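Chemist: What follows is a single structure, and I will ask about it in a moment.
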Amino acid sequence: MFERVLTRNFGLPRSESIDTYLASGGYEALRKVLREYTPQQVIDIVTASGLRGRGGAGFPAGRKWAFIPKDPQIEKYVCVNTDEGEPGTFKDRELVEKDPHQVIEGVIIASYAVGAHRAFVYIRGEFFLGVKRWIKAIDDAYAKGFLGKNILGSGFSLDLSVHRGAGAYICGEETALIESLEGKRGQPRKKPPYPASVGLWGKPTLVHNVETLANVPHIINRGAEWYASIGTPKSTGPKIFCVSGHVKNRGIFELPLGVPLREIIYEHAGGMAFDKKLKAVIPGGASTPMLTPDQLDIPMAFETLEGAGTMLGTGAIIVMNEDTCMVDVARRLMRFFAHESCGHCTPCRTGTQRMLALLEDLEHGRGKAEDIACLEEIASKMRGLTFCPMGDAAANPILSSLKLFRDEYEYHVKYKRCAVAA
Ligand SMILES: Cc1cc2nc3c(=O)[nH]c(=O)nc-3n(C[C@H](O)[C@H](O)[C@H](O)COP(=O)(O)O)c2cc1C
Ligand code: SF4
């Protein structure tokens with residue numbers, strides 16, 4: 001059985017408290033780093049571990065750390081992305097609510113490695129318990145000397161504070177997050193330059209997902225080789241998968257990257273609810289193209305899912321059974337993306353609204369045959385042509401559902417009702 005790493009403390013009483021964390025060996029990695037390693041050595045260890053970002057894009061963490069300029073005269077920042085707004089994704093919230101010190105220890109080690117003395121938590125405003133847990137954990141870490149001036153007598157200092165967002169999905173995108181932290185309207189910035197060179201207040205900034213940072217203390221404690229031995233050669237380490245939809249046990253499951261999708265659904269999530277037939281799976285959150293039942297043996301790793309024309313994304317698996325209307329799924333997803341479009345660029349602002357209107361017409365029996373072609377044209381013209389990746393995110397589920405379930409769209413046009421409900 002796989003030994004849980006990131007969620008190992010979740011079942012303990014008061015798992016969120018600093019005492020529980022310390023009792024399980026917490027903050028030992030920080031002591032080790034401050035005593036034994038130079039910042040460059042920490043970067044080398046994280047690079048050798050193969051850790052890839054868990055926020056969706058899977059960029060190698062060590063490489064990102066190495067991009068931050070070394071000049072001590074240049075001020076740098078670290079931001080913890082706790083915005084988590086992708087439908088189907090709920091792992092970061094669990095990490096913050098159940099074991100926040102694991103993330104804080106990761107933040108301190110990352111800040112030491114890149115030479116930052118100021119770090120910020122950006123958290124979705126609706127996560128009331130998460131905000132409370134972050135604040136309490138940070139206070140306790142200050143009280144024990146893990147944060148603040150001259151941490152554990154090492155001469156390294158770091159301040160960490162919490163910033164609440166107002167619940168806009170786009171503020172999870174790293175440059176929009178930075179704009180929002182600066183007190184402006186959360187809209188993406190043009191990239192390049194990337195935040196690693198020009199970020200918060202124009203200074204180099206490391207933005208990381210909560211789960212990515214939670215891995216860091218374990219890599220230090222147990223070594224890069226141990227970490228790289230988990231998962232696949234290109235997707236190393238443990239991963240928290242969130243499973244929702246028509247399965248018996250919905251929730252989070254920590255497993256090694258590369259675990260087959262079938263095992264997650266039929267073993268860990270208990271199989272299909274009411275023993276219905278599986279129809280489609282969204283493997284990595286609302287923005288990732290769907291898979292069909294013949295693809296269940298696919299390993300859940302960055303490279304294998306890319307090879308299958310989809311993405312690991314945040315590892316949020318949404319399972320749909322035979323009674324699911326795919327036009328309805330497309331409409332619901334588009335309602336989310338149309339609502340969350342920040343409005344900055346026309347293809348996304350107008351494209352999502354137009355696609356939503358077409359999907360509403362199709363679903364409610366008002367659609368015409370040419371609407372399907374129109375939907376496809378808008379989605380394909382949005383891909384790659386919007387200011388930020390949110391345009392692709394909105395187009396992906398539409399294009400994949402049209403590719404896999406076009407007959408259902410045609411049925412809606414022809415019979416003015418749903419093939420599934422018929
Ligand atoms: C529209 C959009 C929304 C995003 N939302 C989040 C989010 O809520 N949390 C997150 O960690 N990353 C999110 N990302 C990814 C971030 O931009 C960034 O890549 C990530 O925080 C980097 O951390 P990582 O390297 O640890 O994955 C989003 C990206 C896009 C395009
Ligand atoms: S793609 Fe959408 S979310 Fe991104 S900048 Fe354009 S309007 Fe805003």
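Chain labels follow the order of the structure tokens: the first chain is A, the next B, and so on; residue numbering restarts at 1 in every chain, and ligands are counted from 1 in their shown order.
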Going by DSSP on the backbone, which bits of region 199-249 of chain A are alpha helix (DSSP H)? Write them as a list in words, please.
Modeler: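 Output for region 199-249 of chain A, alpha helix (DSSP H) only: Val210, Glu211, Thr212, Leu213, Ala214, Asn215, Val216, Pro217, His218, Ile219, Ile220, Asn221, Arg222, Ala224, Glu225, Trp226, Tyr227 and Ala228 of chain A.
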Chemist: Excluding Lys136 (chain A) and residues on its chain fewer than 2 positions from it, collect all residues at most 12 Å away from it, counting only C-alpha atoms, and give them as a VMD selection string.
Modeler: chain A and resid 16 to 18 96 to 97 99 to 101 104 129 to 134 138 to 143 161 to 162
Chemist: Go through the chains and note each residue within 8 Å of ligand 2, using only C-alpha atoms and all ligand atoms, then give the set as an mmCIF file with N, CA, C and O atoms, in the first residue's frame.
Modeler:
data_model
loop_
_atom_site.group_PDB
_atom_site.id
_atom_site.type_symbol
_atom_site.label_atom_id
_atom_site.label_comp_id
_atom_site.auth_asym_id
_atom_site.auth_seq_id
_atom_site.Cartn_x
_atom_site.Cartn_y
_atom_site.Cartn_z
ATOM 1 N N ILE A 170 -10.150 34.153 -11.968
ATOM 2 C CA ILE A 170 -8.961 34.609 -12.693
ATOM 3 C C ILE A 170 -7.831 35.012 -11.737
ATOM 4 O O ILE A 170 -6.657 34.986 -12.114
ATOM 5 N N GLN A 187 -6.507 41.260 -13.064
ATOM 6 C CA GLN A 187 -6.516 40.927 -14.492
ATOM 7 C C GLN A 187 -5.131 40.431 -14.863
ATOM 8 O O GLN A 187 -4.130 40.942 -14.342
ATOM 9 N N PRO A 188 -5.040 39.460 -15.782
ATOM 10 C CA PRO A 188 -3.713 38.938 -16.119
ATOM 11 C C PRO A 188 -2.822 39.999 -16.767
ATOM 12 O O PRO A 188 -3.310 40.939 -17.395
ATOM 13 N N GLU A 340 -16.889 33.841 -15.166
ATOM 14 C CA GLU A 340 -15.564 34.155 -14.609
ATOM 15 C C GLU A 340 -14.636 34.873 -15.580
ATOM 16 O O GLU A 340 -13.553 35.299 -15.176
ATOM 17 N N SER A 341 -15.027 34.991 -16.864
ATOM 18 C CA SER A 341 -14.164 35.718 -17.804
ATOM 19 C C SER A 341 -13.928 37.125 -17.259
ATOM 20 O O SER A 341 -14.867 37.807 -16.860
ATOM 21 N N CYS A 342 -12.655 37.554 -17.220
ATOM 22 C CA CYS A 342 -12.385 38.864 -16.608
ATOM 23 C C CYS A 342 -12.778 39.999 -17.537
ATOM 24 O O CYS A 342 -12.802 41.154 -17.130
ATOM 25 N N GLY A 343 -13.043 39.692 -18.812
ATOM 26 C CA GLY A 343 -13.542 40.707 -19.738
ATOM 27 C C GLY A 343 -12.463 41.496 -20.455
ATOM 28 O O GLY A 343 -12.758 42.358 -21.270
ATOM 29 N N HIS A 344 -11.205 41.173 -20.190
ATOM 30 C CA HIS A 344 -10.114 41.962 -20.756
ATOM 31 C C HIS A 344 -9.991 41.800 -22.273
ATOM 32 O O HIS A 344 -9.697 42.753 -22.980
ATOM 33 N N CYS A 345 -10.174 40.565 -22.770
ATOM 34 C CA CYS A 345 -9.998 40.401 -24.225
ATOM 35 C C CYS A 345 -11.276 39.854 -24.876
ATOM 36 O O CYS A 345 -12.006 39.054 -24.297
ATOM 37 N N THR A 346 -11.494 40.295 -26.123
ATOM 38 C CA THR A 346 -12.768 40.027 -26.801
ATOM 39 C C THR A 346 -13.048 38.543 -27.042
ATOM 40 O O THR A 346 -14.161 38.101 -26.789
ATOM 41 N N PRO A 347 -12.084 37.740 -27.528
ATOM 42 C CA PRO A 347 -12.448 36.341 -27.821
ATOM 43 C C PRO A 347 -13.007 35.607 -26.603
ATOM 44 O O PRO A 347 -13.944 34.829 -26.728
ATOM 45 N N CYS A 348 -12.442 35.887 -25.421
ATOM 46 C CA CYS A 348 -12.927 35.208 -24.221
ATOM 47 C C CYS A 348 -14.215 35.863 -23.720
ATOM 48 O O CYS A 348 -15.196 35.169 -23.441
ATOM 49 N N ARG A 349 -14.211 37.189 -23.622
ATOM 50 C CA ARG A 349 -15.398 37.881 -23.074
ATOM 51 C C ARG A 349 -16.634 37.571 -23.914
ATOM 52 O O ARG A 349 -17.661 37.128 -23.404
ATOM 53 N N THR A 386 -6.411 33.878 -27.027
ATOM 54 C CA THR A 386 -6.841 34.788 -25.967
ATOM 55 C C THR A 386 -5.625 35.297 -25.192
ATOM 56 O O THR A 386 -4.536 34.754 -25.299
ATOM 57 N N PHE A 387 -5.854 36.340 -24.415
ATOM 58 C CA PHE A 387 -4.749 37.012 -23.713
ATOM 59 C C PHE A 387 -4.108 36.101 -22.671
ATOM 60 O O PHE A 387 -2.910 36.143 -22.444
ATOM 61 N N CYS A 388 -4.932 35.264 -22.013
ATOM 62 C CA CYS A 388 -4.384 34.337 -21.011
ATOM 63 C C CYS A 388 -4.968 32.939 -21.255
ATOM 64 O O CYS A 388 -5.879 32.780 -22.056
ATOM 65 N N PRO A 389 -4.449 31.921 -20.573
ATOM 66 C CA PRO A 389 -4.900 30.542 -20.864
ATOM 67 C C PRO A 389 -6.355 30.247 -20.523
ATOM 68 O O PRO A 389 -6.852 29.162 -20.802
ATOM 69 N N MET A 390 -7.054 31.215 -19.914
ATOM 70 C CA MET A 390 -8.458 30.954 -19.568
ATOM 71 C C MET A 390 -9.311 30.727 -20.829
ATOM 72 O O MET A 390 -10.299 29.986 -20.791
ATOM 73 N N GLY A 391 -8.923 31.343 -21.940
ATOM 74 C CA GLY A 391 -9.657 31.127 -23.197
ATOM 75 C C GLY A 391 -9.568 29.674 -23.616
ATOM 76 O O GLY A 391 -10.573 29.053 -23.995
ATOM 77 N N ASP A 392 -8.380 29.088 -23.510
ATOM 78 C CA ASP A 392 -8.201 27.669 -23.841
ATOM 79 C C ASP A 392 -9.013 26.806 -22.880
ATOM 80 O O ASP A 392 -9.627 25.818 -23.274
#
Chemist: Would you mind listing the residues within 6 Å of ligand 1, counting only C-alpha atoms and all ligand atoms, as a PyMOL selection string?
Modeler: chain A and resi 53-59+81-85+169-170+172-174+207-209+212+389-390
Chemist: Near Ala316 (chain A), within 8 Å and counting only C-alpha atoms, which residues show up once chain neighbours fewer than 5 positions away are dropped, as a PyMOL selection string?
Modeler: chain A and resi 88-90+241-244+282-285
Chemist: Applying 10 Å and only C-alpha atoms, which residues near Arg63 (chain A) remain after dropping the ones on its own chain fewer than 2 positions away? List them as a VMD selection string.
Modeler: chain A and resid 43 to 44 46 to 47 50 to 52 59 to 61 65 to 68
Chemist: For the selection you just gave me, I'd like the residues written to a file as an mmCIF file, in the first residue's frame, keeping all heavy atoms.
Modeler:
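Contents of part-v7.cif, as written:
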data_model
loop_
_atom_site.group_PDB
_atom_site.id
_atom_site.type_symbol
_atom_site.label_atom_id
_atom_site.label_comp_id
_atom_site.auth_asym_id
_atom_site.auth_seq_id
_atom_site.Cartn_x
_atom_site.Cartn_y
_atom_site.Cartn_z
ATOM 1 N N ILE A 43 18.055 24.526 -3.967
ATOM 2 C CA ILE A 43 17.527 24.558 -5.344
ATOM 3 C C ILE A 43 17.932 23.275 -6.079
ATOM 4 O O ILE A 43 17.121 22.653 -6.771
ATOM 5 C CB ILE A 43 18.017 25.816 -6.101
ATOM 6 C CG1 ILE A 43 17.469 27.082 -5.422
ATOM 7 C CG2 ILE A 43 17.607 25.770 -7.578
ATOM 8 C CD1 ILE A 43 17.925 28.390 -6.034
ATOM 9 N N ASP A 44 19.167 22.857 -5.880
ATOM 10 C CA ASP A 44 19.645 21.632 -6.561
ATOM 11 C C ASP A 44 18.861 20.401 -6.106
ATOM 12 O O ASP A 44 18.528 19.537 -6.918
ATOM 13 C CB ASP A 44 21.143 21.425 -6.292
ATOM 14 C CG ASP A 44 21.995 22.500 -6.965
ATOM 15 O OD1 ASP A 44 21.480 23.185 -7.874
ATOM 16 O OD2 ASP A 44 23.167 22.673 -6.565
ATOM 17 N N VAL A 46 15.759 20.308 -4.889
ATOM 18 C CA VAL A 46 14.384 20.360 -5.425
ATOM 19 C C VAL A 46 14.398 20.047 -6.929
ATOM 20 O O VAL A 46 13.531 19.332 -7.440
ATOM 21 C CB VAL A 46 13.723 21.726 -5.100
ATOM 22 C CG1 VAL A 46 12.394 21.887 -5.823
ATOM 23 C CG2 VAL A 46 13.512 21.838 -3.591
ATOM 24 N N THR A 47 15.419 20.521 -7.632
ATOM 25 C CA THR A 47 15.526 20.223 -9.070
ATOM 26 C C THR A 47 15.706 18.711 -9.268
ATOM 27 O O THR A 47 15.025 18.102 -10.100
ATOM 28 C CB THR A 47 16.723 20.988 -9.690
ATOM 29 O OG1 THR A 47 16.574 22.373 -9.377
ATOM 30 C CG2 THR A 47 16.790 20.806 -11.203
ATOM 31 N N GLY A 50 12.670 16.379 -9.145
ATOM 32 C CA GLY A 50 11.746 16.365 -10.284
ATOM 33 C C GLY A 50 10.383 16.951 -9.958
ATOM 34 O O GLY A 50 9.457 16.861 -10.781
ATOM 35 N N LEU A 51 10.233 17.570 -8.762
ATOM 36 C CA LEU A 51 8.929 18.141 -8.374
ATOM 37 C C LEU A 51 8.408 19.098 -9.444
ATOM 38 O O LEU A 51 9.109 20.017 -9.865
ATOM 39 C CB LEU A 51 9.097 18.901 -7.038
ATOM 40 C CG LEU A 51 7.910 19.763 -6.581
ATOM 41 C CD1 LEU A 51 6.682 18.903 -6.264
ATOM 42 C CD2 LEU A 51 8.298 20.595 -5.346
ATOM 43 N N ARG A 52 7.161 18.869 -9.873
ATOM 44 C CA ARG A 52 6.510 19.755 -10.857
ATOM 45 C C ARG A 52 5.312 20.420 -10.201
ATOM 46 O O ARG A 52 4.657 19.844 -9.342
ATOM 47 C CB ARG A 52 6.067 18.946 -12.086
ATOM 48 C CG ARG A 52 7.245 18.369 -12.835
ATOM 49 C CD ARG A 52 6.821 17.455 -13.959
ATOM 50 N NE ARG A 52 6.133 18.167 -15.043
ATOM 51 C CZ ARG A 52 5.861 17.621 -16.235
ATOM 52 N NH1 ARG A 52 6.213 16.380 -16.491
ATOM 53 N NH2 ARG A 52 5.235 18.304 -17.159
ATOM 54 N N PHE A 59 4.901 22.922 -14.267
ATOM 55 C CA PHE A 59 6.253 23.424 -14.565
ATOM 56 C C PHE A 59 7.230 22.962 -13.467
ATOM 57 O O PHE A 59 6.882 23.005 -12.280
ATOM 58 C CB PHE A 59 6.232 24.955 -14.660
ATOM 59 C CG PHE A 59 7.504 25.509 -15.245
ATOM 60 C CD1 PHE A 59 7.706 25.513 -16.620
ATOM 61 C CD2 PHE A 59 8.515 25.984 -14.419
ATOM 62 C CE1 PHE A 59 8.884 25.980 -17.169
ATOM 63 C CE2 PHE A 59 9.701 26.461 -14.957
ATOM 64 C CZ PHE A 59 9.891 26.458 -16.331
ATOM 65 N N PRO A 60 8.469 22.529 -13.851
ATOM 66 C CA PRO A 60 9.418 22.054 -12.823
ATOM 67 C C PRO A 60 9.735 23.141 -11.793
ATOM 68 O O PRO A 60 10.178 24.247 -12.148
ATOM 69 C CB PRO A 60 10.665 21.695 -13.635
ATOM 70 C CG PRO A 60 10.170 21.456 -15.020
ATOM 71 C CD PRO A 60 9.005 22.381 -15.213
ATOM 72 N N ALA A 61 9.537 22.811 -10.511
ATOM 73 C CA ALA A 61 9.690 23.814 -9.448
ATOM 74 C C ALA A 61 11.136 24.301 -9.339
ATOM 75 O O ALA A 61 11.386 25.506 -9.246
ATOM 76 C CB ALA A 61 9.218 23.222 -8.121
ATOM 77 N N TRP A 65 12.698 28.146 -9.446
ATOM 78 C CA TRP A 65 13.479 28.753 -8.364
ATOM 79 C C TRP A 65 14.801 29.294 -8.923
ATOM 80 O O TRP A 65 15.277 30.351 -8.499
ATOM 81 C CB TRP A 65 13.785 27.724 -7.261
ATOM 82 C CG TRP A 65 12.576 27.215 -6.533
ATOM 83 C CD1 TRP A 65 11.274 27.304 -6.949
ATOM 84 C CD2 TRP A 65 12.540 26.516 -5.274
ATOM 85 N NE1 TRP A 65 10.435 26.697 -6.033
ATOM 86 C CE2 TRP A 65 11.195 26.211 -4.999
ATOM 87 C CE3 TRP A 65 13.516 26.109 -4.381
ATOM 88 C CZ2 TRP A 65 10.788 25.530 -3.855
ATOM 89 C CZ3 TRP A 65 13.133 25.433 -3.228
ATOM 90 C CH2 TRP A 65 11.779 25.143 -2.973
ATOM 91 N N ALA A 66 15.365 28.530 -9.875
ATOM 92 C CA ALA A 66 16.667 28.934 -10.437
ATOM 93 C C ALA A 66 16.552 30.207 -11.282
ATOM 94 O O ALA A 66 17.533 30.925 -11.469
ATOM 95 C CB ALA A 66 17.243 27.795 -11.266
ATOM 96 N N PHE A 67 15.347 30.498 -11.786
ATOM 97 C CA PHE A 67 15.153 31.715 -12.595
ATOM 98 C C PHE A 67 15.223 32.992 -11.751
ATOM 99 O O PHE A 67 15.438 34.077 -12.262
ATOM 100 C CB PHE A 67 13.782 31.714 -13.281
ATOM 101 C CG PHE A 67 13.647 30.739 -14.412
ATOM 102 C CD1 PHE A 67 12.407 30.172 -14.715
ATOM 103 C CD2 PHE A 67 14.748 30.384 -15.194
ATOM 104 C CE1 PHE A 67 12.267 29.270 -15.761
ATOM 105 C CE2 PHE A 67 14.612 29.482 -16.244
ATOM 106 C CZ PHE A 67 13.372 28.922 -16.524
ATOM 107 N N ILE A 68 14.974 32.885 -10.453
ATOM 108 C CA ILE A 68 14.949 34.086 -9.591
ATOM 109 C C ILE A 68 16.384 34.625 -9.477
ATOM 110 O O ILE A 68 17.299 33.871 -9.121
ATOM 111 C CB ILE A 68 14.395 33.755 -8.179
ATOM 112 C CG1 ILE A 68 13.007 33.103 -8.269
ATOM 113 C CG2 ILE A 68 14.411 34.969 -7.259
ATOM 114 C CD1 ILE A 68 11.829 33.998 -8.420
#
Chemist: What does the distance from CA of Gly258 (chain A) to CA of Thr232 (chain A) come to in Å, to one decimal?
Modeler: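 Going from CA of Gly258 (chain A) over to CA of Thr232 (chain A), I get 5.8 Å.
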Chemist: Counting only C-alpha atoms, which of A:Val33, A:Ala308, A:Cys171, A:Leu206 gets nearest to Glu75 (chain A)?
Modeler: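 Nearest candidate to Glu75 (chain A) out of A:Val33, A:Ala308, A:Cys171, A:Leu206: A:Leu206.
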Chemist: Give me, as a count of residues only, the residues of region 34-106 of chain A that a backbone DSSP run labels strand (DSSP E).
Modeler: 6
Chemist: Select, from A:Gly245, A:Gly106, A:Gly237, A:Gly367, the residue with the minimum atom-to-atom distance to Met320 (chain A), counting only C-alpha atoms.
Modeler: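 Nearest candidate to Met320 (chain A) out of A:Gly245, A:Gly106, A:Gly237, A:Gly367: A:Gly245.
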Chemist: Considering only C-alpha atoms, state which residue in the set A:Gly186, A:Pro39, A:Gly26, A:Pro299 is at the smallest distance from Phe146 (chain A).
Modeler: A:Gly26
Chemist: Name the residues in contact with His218 (chain A) at a cut-off of 12 Å, using only C-alpha atoms, excluding same-chain residues fewer than 4 positions from it; report them as a VMD selection string.
Modeler: chain A and resid 4 to 8 24 to 30 32 to 33 45 to 46 49 51 102 to 103 105 to 106 109 211 to 214 222 to 228 237 to 238
Chemist: Keeping C-alpha atoms, export the residues of the selection given above as a PDB file, in the first residue's frame.
Modeler:
ATOM      1  CA  ARG A   4       0.780   8.706   2.376  1.00  0.00           C
ATOM      2  CA  VAL A   5       3.128  11.680   2.486  1.00  0.00           C
ATOM      3  CA  LEU A   6       1.139  14.919   2.152  1.00  0.00           C
ATOM      4  CA  THR A   7      -1.974  13.715   3.947  1.00  0.00           C
ATOM      5  CA  ARG A   8      -0.254  11.562   6.568  1.00  0.00           C
ATOM      6  CA  SER A  24       5.265  14.327  13.609  1.00  0.00           C
ATOM      7  CA  GLY A  25       8.729  15.735  12.867  1.00  0.00           C
ATOM      8  CA  GLY A  26       7.516  19.095  11.581  1.00  0.00           C
ATOM      9  CA  TYR A  27      10.014  21.937  11.001  1.00  0.00           C
ATOM     10  CA  GLU A  28      12.951  19.466  11.083  1.00  0.00           C
ATOM     11  CA  ALA A  29      13.445  20.052   7.340  1.00  0.00           C
ATOM     12  CA  LEU A  30      13.693  23.790   8.002  1.00  0.00           C
ATOM     13  CA  LYS A  32      18.281  20.994   8.391  1.00  0.00           C
ATOM     14  CA  VAL A  33      18.139  23.522   5.545  1.00  0.00           C
ATOM     15  CA  ILE A  45      17.821  19.164  -4.294  1.00  0.00           C
ATOM     16  CA  VAL A  46      14.384  20.360  -5.425  1.00  0.00           C
ATOM     17  CA  SER A  49      13.575  15.583  -7.032  1.00  0.00           C
ATOM     18  CA  LEU A  51       8.929  18.141  -8.374  1.00  0.00           C
ATOM     19  CA  GLN A 102       3.407  21.611   6.189  1.00  0.00           C
ATOM     20  CA  VAL A 103       2.758  24.385   3.630  1.00  0.00           C
ATOM     21  CA  GLU A 105       7.485  25.018   6.211  1.00  0.00           C
ATOM     22  CA  GLY A 106       7.582  24.694   2.400  1.00  0.00           C
ATOM     23  CA  ILE A 109      12.377  26.754   2.694  1.00  0.00           C
ATOM     24  CA  GLU A 211       0.281  21.392  -2.815  1.00  0.00           C
ATOM     25  CA  THR A 212       3.611  22.090  -4.560  1.00  0.00           C
ATOM     26  CA  LEU A 213       4.979  23.784  -1.430  1.00  0.00           C
ATOM     27  CA  ALA A 214       3.654  21.026   0.852  1.00  0.00           C
ATOM     28  CA  ARG A 222      13.900  12.143   2.830  1.00  0.00           C
ATOM     29  CA  GLY A 223      16.016  13.229  -0.124  1.00  0.00           C
ATOM     30  CA  ALA A 224      15.583  13.907  -3.831  1.00  0.00           C
ATOM     31  CA  GLU A 225      16.251  10.291  -4.754  1.00  0.00           C
ATOM     32  CA  TRP A 226      13.489   8.962  -2.506  1.00  0.00           C
ATOM     33  CA  TYR A 227      11.075  11.540  -3.976  1.00  0.00           C
ATOM     34  CA  ALA A 228      12.037  10.786  -7.569  1.00  0.00           C
ATOM     35  CA  GLY A 237       6.179  12.274  -6.235  1.00  0.00           C
ATOM     36  CA  PRO A 238       2.823  11.845  -4.571  1.00  0.00           C
TER      37      PRO A 238
END
Chemist: Applying 9 Å and only C-alpha atoms, which residues near Cys418 (chain A) remain after dropping the ones on its own chain fewer than 3 positions away? List them as JSON, numbers by chain.
Modeler: {"A": [325, 327, 363, 364, 365, 408, 409, 411, 412, 415, 421, 422]}
Chemist: I want to know what sits within 6 Å of Leu158 (chain A), based on only C-alpha atoms, with residues of the same chain fewer than 5 positions away left out; could you give that as a list in words?
Modeler: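 That gives His117, Arg118, Leu147 and Gly148 of chain A.
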Chemist: Considering only C-alpha atoms, state which residue in the set A:Pro192, A:Pro72, A:Pro217, A:Gly155 is at the smallest distance from Val42 (chain A).
Modeler: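 So, comparing all the options, the nearest one is A:Pro217.
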